[in-house]
$ cat protein-v4.txt   # compact mmCIF, C-alpha atoms
# COMPACT_ATOMS: atom_id res chain seq x y z
CA MET Y 19 2.96 -6.93 31.56
CA LYS Y 20 3.98 -7.42 35.16
CA PHE Y 21 4.06 -10.99 36.40
CA LYS Y 22 3.07 -12.40 39.73
CA PRO Y 23 3.97 -16.02 40.46
CA LYS Y 24 1.35 -18.49 39.28
CA ILE Y 25 0.86 -22.19 39.84
CA ILE Y 26 -0.18 -24.16 36.78
CA ALA Y 27 -1.84 -27.52 37.37
CA GLU Y 28 -0.97 -29.86 34.50
CA ILE Y 29 -4.12 -31.77 33.70
CA GLY Y 30 -3.02 -32.39 30.12
CA TRP Y 31 -4.96 -35.37 28.86
CA ASN Y 32 -4.94 -37.31 32.13
CA HIS Y 33 -8.75 -37.09 32.12
CA MET Y 34 -8.73 -39.57 29.19
CA GLY Y 35 -11.73 -37.80 27.65
CA ASN Y 36 -13.87 -38.24 30.79
CA MET Y 37 -15.37 -34.80 31.50
CA ASN Y 38 -16.44 -35.80 35.03
CA LEU Y 39 -12.82 -36.69 35.80
CA ALA Y 40 -11.61 -33.45 34.19
CA LYS Y 41 -14.04 -31.50 36.39
CA LYS Y 42 -12.78 -33.31 39.52
CA MET Y 43 -9.20 -32.48 38.53
CA ILE Y 44 -10.06 -28.79 38.07
CA LEU Y 45 -11.83 -28.68 41.45
CA GLN Y 46 -8.88 -30.33 43.20
CA ALA Y 47 -6.40 -28.03 41.48
CA ALA Y 48 -8.41 -24.97 42.54
CA LYS Y 49 -8.72 -26.30 46.09
CA SER Y 50 -4.95 -26.88 46.17
CA GLY Y 51 -4.19 -23.28 45.22
CA ALA Y 52 -3.59 -23.53 41.47
CA ASP Y 53 -4.09 -20.37 39.44
CA ILE Y 54 -4.29 -22.13 36.07
CA CYS Y 55 -5.42 -25.55 34.82
CA LYS Y 56 -3.57 -26.58 31.67
CA PHE Y 57 -4.85 -29.01 29.08
CA GLN Y 58 -3.59 -30.13 25.65
CA THR Y 59 -5.23 -29.56 22.30
CA TRP Y 60 -4.70 -31.90 19.36
CA LYS Y 61 -6.56 -33.92 16.76
CA VAL Y 62 -5.61 -37.56 16.17
CA GLU Y 63 -6.22 -37.06 12.46
CA ASN Y 64 -3.28 -34.60 12.40
CA LEU Y 65 -0.78 -37.09 13.84
CA LYS Y 66 2.00 -38.13 11.51
CA PRO Y 67 2.45 -41.87 11.00
CA GLY Y 68 4.60 -43.44 13.72
CA PRO Y 69 4.96 -46.32 16.16
CA TRP Y 70 1.82 -45.13 17.99
CA ASP Y 71 -0.17 -46.48 15.04
CA GLN Y 72 0.70 -50.06 16.06
CA ASP Y 73 1.47 -49.97 19.78
CA GLY Y 74 -1.94 -48.88 21.10
CA ARG Y 75 -1.11 -45.24 21.81
CA LYS Y 76 -3.27 -43.96 18.95
CA GLU Y 77 -6.36 -45.46 20.59
CA ILE Y 78 -5.42 -43.74 23.86
CA TYR Y 79 -4.96 -40.43 22.00
CA LYS Y 80 -8.41 -40.84 20.38
CA LYS Y 81 -10.01 -41.43 23.76
CA ALA Y 82 -8.24 -38.49 25.44
CA GLN Y 83 -8.78 -35.98 22.63
CA LEU Y 84 -11.09 -33.15 23.68
CA LYS Y 85 -14.15 -32.51 21.54
CA LYS Y 86 -15.06 -28.96 20.54
CA GLN Y 87 -17.99 -28.85 22.98
CA ASP Y 88 -15.70 -29.97 25.84
CA TYR Y 89 -13.74 -26.72 25.76
CA LYS Y 90 -16.64 -24.48 26.69
CA LYS Y 91 -17.55 -26.83 29.56
CA LEU Y 92 -13.99 -26.87 30.89
CA ILE Y 93 -13.56 -23.11 30.53
CA SER Y 94 -16.82 -22.56 32.41
CA ILE Y 95 -15.77 -24.94 35.22
CA CYS Y 96 -12.42 -23.17 35.49
CA ARG Y 97 -14.03 -19.72 35.66
CA LYS Y 98 -16.55 -20.83 38.29
CA ASN Y 99 -13.62 -22.04 40.40
CA ASN Y 100 -11.43 -18.96 39.90
CA VAL Y 101 -8.76 -20.69 37.85
CA GLU Y 102 -7.70 -19.83 34.33
CA PHE Y 103 -8.09 -22.37 31.52
CA LEU Y 104 -4.90 -22.83 29.48
CA THR Y 105 -4.03 -25.27 26.73
CA SER Y 106 -0.97 -26.28 24.74
CA VAL Y 107 -1.31 -26.25 20.96
CA PHE Y 108 0.76 -28.06 18.38
CA ASN Y 109 -0.35 -26.44 15.10
CA LEU Y 110 -1.88 -23.30 13.57
CA GLU Y 111 -5.30 -24.87 13.00
CA ASP Y 112 -5.73 -25.59 16.70
CA LEU Y 113 -4.34 -22.17 17.63
CA ILE Y 114 -7.05 -20.51 15.51
CA PHE Y 115 -9.72 -22.65 17.18
CA ILE Y 116 -8.44 -21.69 20.66
CA LYS Y 117 -8.38 -18.00 19.64
CA GLU Y 118 -12.10 -18.28 18.80
CA LEU Y 119 -12.71 -19.23 22.44
CA LYS Y 120 -11.48 -15.74 23.42
CA LEU Y 121 -8.74 -16.97 25.74
CA LYS Y 122 -5.98 -14.53 26.64
CA SER Y 123 -3.14 -17.05 27.07
CA ILE Y 124 -1.79 -20.06 25.25
CA LYS Y 125 1.10 -22.50 25.69
CA ILE Y 126 3.60 -23.63 23.09
CA PRO Y 127 5.08 -26.97 24.22
CA SER Y 128 8.78 -27.82 24.14
CA HIS Y 129 8.82 -29.80 20.93
CA GLU Y 130 7.12 -26.93 19.04
CA ILE Y 131 9.79 -24.38 19.97
CA TYR Y 132 11.12 -24.62 16.40
CA ASN Y 133 7.69 -23.87 14.93
CA ILE Y 134 8.30 -20.18 14.29
CA LYS Y 135 4.98 -19.71 12.44
CA LEU Y 136 3.12 -21.09 15.46
CA ILE Y 137 5.03 -18.91 17.91
CA LYS Y 138 4.49 -15.75 15.84
CA ALA Y 139 0.77 -16.52 15.46
CA ALA Y 140 0.51 -17.08 19.22
CA ILE Y 141 2.17 -13.73 19.92
CA LYS Y 142 -0.11 -11.98 17.44
CA ASN Y 143 -3.33 -13.50 18.79
CA PHE Y 144 -2.82 -13.84 22.57
CA ASN Y 145 -1.84 -11.49 25.38
CA LEU Y 146 0.49 -14.04 26.96
CA VAL Y 147 2.37 -16.97 25.44
CA TYR Y 148 3.92 -19.59 27.70
CA LEU Y 149 6.88 -20.80 25.66
CA SER Y 150 8.50 -23.99 26.87
CA ALA Y 151 12.20 -24.14 25.98
CA GLY Y 152 12.90 -27.74 26.99
CA CYS Y 153 14.05 -28.88 23.56
CA ALA Y 154 16.05 -25.80 22.53
CA THR Y 155 19.81 -25.50 22.56
CA GLU Y 156 21.25 -22.14 23.64
CA LEU Y 157 21.90 -21.15 20.02
CA GLU Y 158 18.34 -22.06 19.02
CA LEU Y 159 16.92 -20.19 22.00
CA LYS Y 160 18.87 -17.04 21.07
CA LYS Y 161 17.49 -17.25 17.54
CA ILE Y 162 13.91 -17.61 18.78
CA ILE Y 163 14.30 -14.78 21.29
CA SER Y 164 15.70 -12.51 18.56
CA LEU Y 165 12.60 -13.23 16.45
CA VAL Y 166 10.20 -12.33 19.27
CA LYS Y 167 12.31 -9.58 20.88
CA LYS Y 168 9.83 -6.74 20.23
CA ASN Y 169 7.09 -8.83 21.87
CA ILE Y 170 9.19 -10.29 24.68
CA LYS Y 171 6.81 -8.90 27.32
CA LYS Y 172 4.12 -11.21 25.93
CA ILE Y 173 6.35 -14.26 26.48
CA CYS Y 174 6.76 -16.30 29.64
CA LEU Y 175 9.85 -18.39 28.97
CA MET Y 176 9.45 -21.75 30.67
CA HIS Y 177 12.40 -23.90 31.72
CA CYS Y 178 11.52 -27.51 31.09
CA VAL Y 179 13.61 -30.67 30.99
CA SER Y 180 12.06 -33.01 28.45
CA SER Y 181 12.70 -36.22 30.34
CA TYR Y 182 10.06 -38.60 31.71
CA PRO Y 183 10.35 -39.20 34.57
CA LEU Y 184 12.72 -36.37 35.42
CA GLU Y 185 15.46 -37.38 37.81
CA PHE Y 186 16.17 -34.80 40.53
CA GLU Y 187 19.81 -34.33 39.53
CA ASN Y 188 18.67 -33.22 36.04
CA VAL Y 189 16.22 -30.50 37.14
CA ASN Y 190 18.78 -27.70 36.53
CA LEU Y 191 16.95 -24.85 38.28
CA PRO Y 192 19.90 -22.44 37.74
CA LYS Y 193 18.69 -22.31 34.13
CA LEU Y 194 15.94 -19.97 35.37
CA GLU Y 195 18.57 -17.41 36.32
CA HIS Y 196 20.06 -17.78 32.85
CA PHE Y 197 16.64 -17.09 31.28
CA LYS Y 198 16.49 -13.75 33.10
CA LYS Y 199 18.95 -12.33 30.58
CA TYR Y 200 16.18 -12.69 27.97
CA THR Y 201 13.11 -11.78 30.01
CA LYS Y 202 11.90 -11.36 33.58
CA ASN Y 203 8.82 -13.41 32.71
CA ILE Y 204 10.12 -16.89 33.48
CA GLY Y 205 8.70 -20.11 34.78
CA TYR Y 206 9.40 -23.75 35.48
CA SER Y 207 7.54 -26.62 33.87
CA GLY Y 208 8.18 -29.83 35.81
CA HIS Y 209 7.70 -33.39 34.67

$ encode --input "protein-v4.txt" --output "structure tokens"
Amino acid sequence: MKFKPKIIAEIGWNHMGNMNLAKKMILQAAKSGADICKFQTWKVENLKPGPWDQDGRKEIYKKAQLKKQDYKKLISICRKNNVEFLTSVFNLEDLIFIKELKLKSIKIPSHEIYNIKLIKAAIKNFNLVYLSAGCATELELKKIISLVKKNIKKICLMHCVSSYPLEFENVNLPKLEHFKKYTKNIGYSGH
């Protein structure tokens, strides 16, 4: 698969479950030249217990969680505006649901880079897998690349620094050159 540079607009869950706001974000992204609008797929019921249970974040997650019917609306809006719909998944159940929507691409976020079952399922079921390597050490990255080596053309390896907000001095763009030893399909995921 030959790559041409693409701009991915990170919508994530910034719509807070408001489909009118999500539509406005897609329209603005398309108007600004984005090729792809990326969302996030999760279910609050699958969250492990944590501090978010007491600090109010769980209520925000509930509000921002996309409903099944929302996906078809968002995909349709994206198609009508000549941008691709993309979503990050965090587990196999959600990956299977996204596969049923007949999408060609999927994103595996940084903190799921160790989820080998998820990565293998993504490679098996999608034409292109955006794999964010923000949480992987070099040794871990080599191990993951060796596991997907025969399907490396289906991977776009994304450099990402998992820091919010990301300070300029920590961007480390030379890492993209380093990634080229694994694949020519590389990208940058900024925060």

$ atom_distance --input "protein-v4.txt" --atom1 "atom CA of Leu184 of chain Y" --atom2 "atom CA of Asn203 of chain Y"
23.4 Å

$ atom_distance --input "protein-v4.txt" --atom1 "atom CA of Ser123 of chain Y" --atom2 "atom CA of Ala139 of chain Y"
12.3 Å

$ residues_around --input "protein-v4.txt" --residues "segment 119-122 of chain Y" --least-positions-apart "5" --cutoff "8 Å" --atoms "only C-alpha atoms" --output "list in words"
Lys90, Phe103, Leu104, Phe144, Asn145 and Leu146 of chain Y

$ write_last_selection --input "protein-v4.txt" --atoms "C-alpha atoms" --output "short mmCIF file (atom, residue, chain, number, x, y, z; two decimals), keeping the file's coordinate frame"
data_model
loop_
_atom_site.label_atom_id
_atom_site.label_comp_id
_atom_site.auth_asym_id
_atom_site.auth_seq_id
_atom_site.Cartn_x
_atom_site.Cartn_y
_atom_site.Cartn_z
CA LYS Y 90 -16.64 -24.48 26.69
CA PHE Y 103 -8.09 -22.37 31.52
CA LEU Y 104 -4.90 -22.83 29.48
CA PHE Y 144 -2.82 -13.84 22.57
CA ASN Y 145 -1.84 -11.49 25.38
CA LEU Y 146 0.49 -14.04 26.96
#

$ closest_residue --input "protein-v4.txt" --among "Y:Ile131, Y:Val101, Y:Met37, Y:Leu84" --to "Ile54 of chain Y" --atoms "all atoms listed in the file"
Y:Val101

$ residues_around --input "protein-v4.txt" --residues "Ser106 of chain Y" --least-positions-apart "2" --cutoff "10 Å" --atoms "all atoms listed in the file" --output "PDB file with C-alpha atoms, in the coordinates of the input"
ATOM      1  CA  GLY Y  30      -3.020 -32.390  30.120  1.00  0.00           C
ATOM      2  CA  LYS Y  56      -3.570 -26.580  31.670  1.00  0.00           C
ATOM      3  CA  PHE Y  57      -4.850 -29.010  29.080  1.00  0.00           C
ATOM      4  CA  GLN Y  58      -3.590 -30.130  25.650  1.00  0.00           C
ATOM      5  CA  THR Y  59      -5.230 -29.560  22.300  1.00  0.00           C
ATOM      6  CA  TRP Y  60      -4.700 -31.900  19.360  1.00  0.00           C
ATOM      7  CA  LEU Y 104      -4.900 -22.830  29.480  1.00  0.00           C
ATOM      8  CA  PHE Y 108       0.760 -28.060  18.380  1.00  0.00           C
ATOM      9  CA  ASN Y 109      -0.350 -26.440  15.100  1.00  0.00           C
ATOM     10  CA  ASP Y 112      -5.730 -25.590  16.700  1.00  0.00           C
ATOM     11  CA  LEU Y 113      -4.340 -22.170  17.630  1.00  0.00           C
ATOM     12  CA  ILE Y 116      -8.440 -21.690  20.660  1.00  0.00           C
ATOM     13  CA  SER Y 123      -3.140 -17.050  27.070  1.00  0.00           C
ATOM     14  CA  ILE Y 124      -1.790 -20.060  25.250  1.00  0.00           C
ATOM     15  CA  LYS Y 125       1.100 -22.500  25.690  1.00  0.00           C
ATOM     16  CA  ILE Y 126       3.600 -23.630  23.090  1.00  0.00           C
ATOM     17  CA  PRO Y 127       5.080 -26.970  24.220  1.00  0.00           C
ATOM     18  CA  SER Y 128       8.780 -27.820  24.140  1.00  0.00           C
ATOM     19  CA  GLU Y 130       7.120 -26.930  19.040  1.00  0.00           C
ATOM     20  CA  VAL Y 147       2.370 -16.970  25.440  1.00  0.00           C
ATOM     21  CA  TYR Y 148       3.920 -19.590  27.700  1.00  0.00           C
ATOM     22  CA  LEU Y 149       6.880 -20.800  25.660  1.00  0.00           C
ATOM     23  CA  SER Y 150       8.500 -23.990  26.870  1.00  0.00           C
TER      24      SER Y 150
END

$ atom_distance --input "protein-v4.txt" --atom1 "atom CA of Leu194 of chain Y" --atom2 "atom CA of Ala151 of chain Y"
10.9 Å

$ closest_residue --input "protein-v4.txt" --among "Y:Lys49, Y:Lys86, Y:His196, Y:Arg75" --to "Phe115 of chain Y" --atoms "all atoms listed in the file"
Y:Lys86

$ closest_residue --input "protein-v4.txt" --among "Y:Gly208, Y:Leu157, Y:Asn169, Y:Ala82" --to "Phe186 of chain Y" --atoms "all atoms listed in the file"
Y:Gly208

$ closest_residue --input "protein-v4.txt" --among "Y:Gly68, Y:Asn100, Y:Lys85, Y:Lys76" --to "Ala52 of chain Y" --atoms "only C-alpha atoms"
Y:Asn100

$ closest_residue --input "protein-v4.txt" --among "Y:Gly51, Y:Pro69, Y:Pro183, Y:Gly35" --to "Tyr89 of chain Y" --atoms "all atoms listed in the file"
Y:Gly35

$ closest_residue --input "protein-v4.txt" --among "Y:Cys153, Y:Ile141, Y:Cys55, Y:Ile44" --to "Lys168 of chain Y" --atoms "only C-alpha atoms"
Y:Ile141

$ build_atoms --input "protein-v4.txt" --residues "segment 88-113 of chain Y" --atoms "N, CA, C and O atoms" --output "CSV table (one decimal), in the coordinates of the input"
chain,number,residue,atom,x,y,z
Y,88,ASP,N,-16.3,-29.8,24.5
Y,88,ASP,CA,-15.7,-30.0,25.8
Y,88,ASP,C,-15.0,-28.7,26.3
Y,88,ASP,O,-15.0,-28.4,27.5
Y,89,TYR,N,-14.5,-27.9,25.4
Y,89,TYR,CA,-13.7,-26.7,25.8
Y,89,TYR,C,-14.6,-25.7,26.5
Y,89,TYR,O,-14.2,-25.2,27.6
Y,90,LYS,N,-15.8,-25.4,26.0
Y,90,LYS,CA,-16.6,-24.5,26.7
Y,90,LYS,C,-17.0,-25.0,28.1
Y,90,LYS,O,-17.1,-24.2,29.0
Y,91,LYS,N,-17.3,-26.3,28.2
Y,91,LYS,CA,-17.6,-26.8,29.6
Y,91,LYS,C,-16.4,-26.6,30.5
Y,91,LYS,O,-16.5,-26.2,31.6
Y,92,LEU,N,-15.2,-27.0,30.0
Y,92,LEU,CA,-14.0,-26.9,30.9
Y,92,LEU,C,-13.7,-25.4,31.2
Y,92,LEU,O,-13.3,-25.1,32.4
Y,93,ILE,N,-13.8,-24.5,30.3
Y,93,ILE,CA,-13.6,-23.1,30.5
Y,93,ILE,C,-14.5,-22.6,31.6
Y,93,ILE,O,-14.2,-21.9,32.5
Y,94,SER,N,-15.8,-23.0,31.4
Y,94,SER,CA,-16.8,-22.6,32.4
Y,94,SER,C,-16.5,-23.1,33.8
Y,94,SER,O,-16.6,-22.4,34.8
Y,95,ILE,N,-16.1,-24.4,33.9
Y,95,ILE,CA,-15.8,-24.9,35.2
Y,95,ILE,C,-14.6,-24.2,35.8
Y,95,ILE,O,-14.6,-23.9,37.0
Y,96,CYS,N,-13.6,-23.9,35.0
Y,96,CYS,CA,-12.4,-23.2,35.5
Y,96,CYS,C,-12.8,-21.8,36.0
Y,96,CYS,O,-12.5,-21.4,37.1
Y,97,ARG,N,-13.6,-21.1,35.2
Y,97,ARG,CA,-14.0,-19.7,35.7
Y,97,ARG,C,-14.8,-19.8,37.0
Y,97,ARG,O,-14.6,-18.9,37.8
Y,98,LYS,N,-15.7,-20.7,37.1
Y,98,LYS,CA,-16.6,-20.8,38.3
Y,98,LYS,C,-15.7,-21.1,39.5
Y,98,LYS,O,-16.1,-20.9,40.6
Y,99,ASN,N,-14.5,-21.7,39.3
Y,99,ASN,CA,-13.6,-22.0,40.4
Y,99,ASN,C,-12.4,-21.1,40.5
Y,99,ASN,O,-11.4,-21.5,41.1
Y,100,ASN,N,-12.5,-20.0,39.8
Y,100,ASN,CA,-11.4,-19.0,39.9
Y,100,ASN,C,-10.1,-19.4,39.5
Y,100,ASN,O,-9.0,-19.1,40.1
Y,101,VAL,N,-10.0,-20.3,38.5
Y,101,VAL,CA,-8.8,-20.7,37.8
Y,101,VAL,C,-8.9,-20.4,36.4
Y,101,VAL,O,-10.0,-20.5,35.8
Y,102,GLU,N,-7.7,-20.1,35.8
Y,102,GLU,CA,-7.7,-19.8,34.3
Y,102,GLU,C,-7.6,-21.1,33.6
Y,102,GLU,O,-6.9,-22.1,34.0
Y,103,PHE,N,-8.2,-21.2,32.4
Y,103,PHE,CA,-8.1,-22.4,31.5
Y,103,PHE,C,-6.9,-22.0,30.6
Y,103,PHE,O,-6.9,-21.0,30.0
Y,104,LEU,N,-6.0,-23.0,30.4
Y,104,LEU,CA,-4.9,-22.8,29.5
Y,104,LEU,C,-4.7,-24.1,28.7
Y,104,LEU,O,-5.0,-25.2,29.3
Y,105,THR,N,-4.3,-24.1,27.5
Y,105,THR,CA,-4.0,-25.3,26.7
Y,105,THR,C,-2.8,-25.1,25.9
Y,105,THR,O,-2.4,-24.0,25.5
Y,106,SER,N,-2.1,-26.2,25.7
Y,106,SER,CA,-1.0,-26.3,24.7
Y,106,SER,C,-1.5,-26.6,23.4
Y,106,SER,O,-2.5,-27.4,23.2
Y,107,VAL,N,-0.9,-26.0,22.3
Y,107,VAL,CA,-1.3,-26.2,21.0
Y,107,VAL,C,-0.1,-26.7,20.2
Y,107,VAL,O,1.0,-26.3,20.5
Y,108,PHE,N,-0.3,-27.5,19.1
Y,108,PHE,CA,0.8,-28.1,18.4
Y,108,PHE,C,0.7,-27.6,16.9
Y,108,PHE,O,1.6,-28.0,16.1
Y,109,ASN,N,-0.3,-26.9,16.5
Y,109,ASN,CA,-0.4,-26.4,15.1
Y,109,ASN,C,-1.2,-25.2,15.0
Y,109,ASN,O,-2.0,-24.8,15.9
Y,110,LEU,N,-1.1,-24.5,13.8
Y,110,LEU,CA,-1.9,-23.3,13.6
Y,110,LEU,C,-3.4,-23.5,13.6
Y,110,LEU,O,-4.1,-22.6,14.1
Y,111,GLU,N,-3.9,-24.6,13.0
Y,111,GLU,CA,-5.3,-24.9,13.0
Y,111,GLU,C,-5.9,-24.9,14.4
Y,111,GLU,O,-6.9,-24.3,14.7
Y,112,ASP,N,-5.2,-25.5,15.3
Y,112,ASP,CA,-5.7,-25.6,16.7
Y,112,ASP,C,-5.6,-24.2,17.4
Y,112,ASP,O,-6.4,-23.9,18.2
Y,113,LEU,N,-4.5,-23.5,17.1
Y,113,LEU,CA,-4.3,-22.2,17.6
Y,113,LEU,C,-5.5,-21.3,17.2
Y,113,LEU,O,-6.1,-20.5,18.1
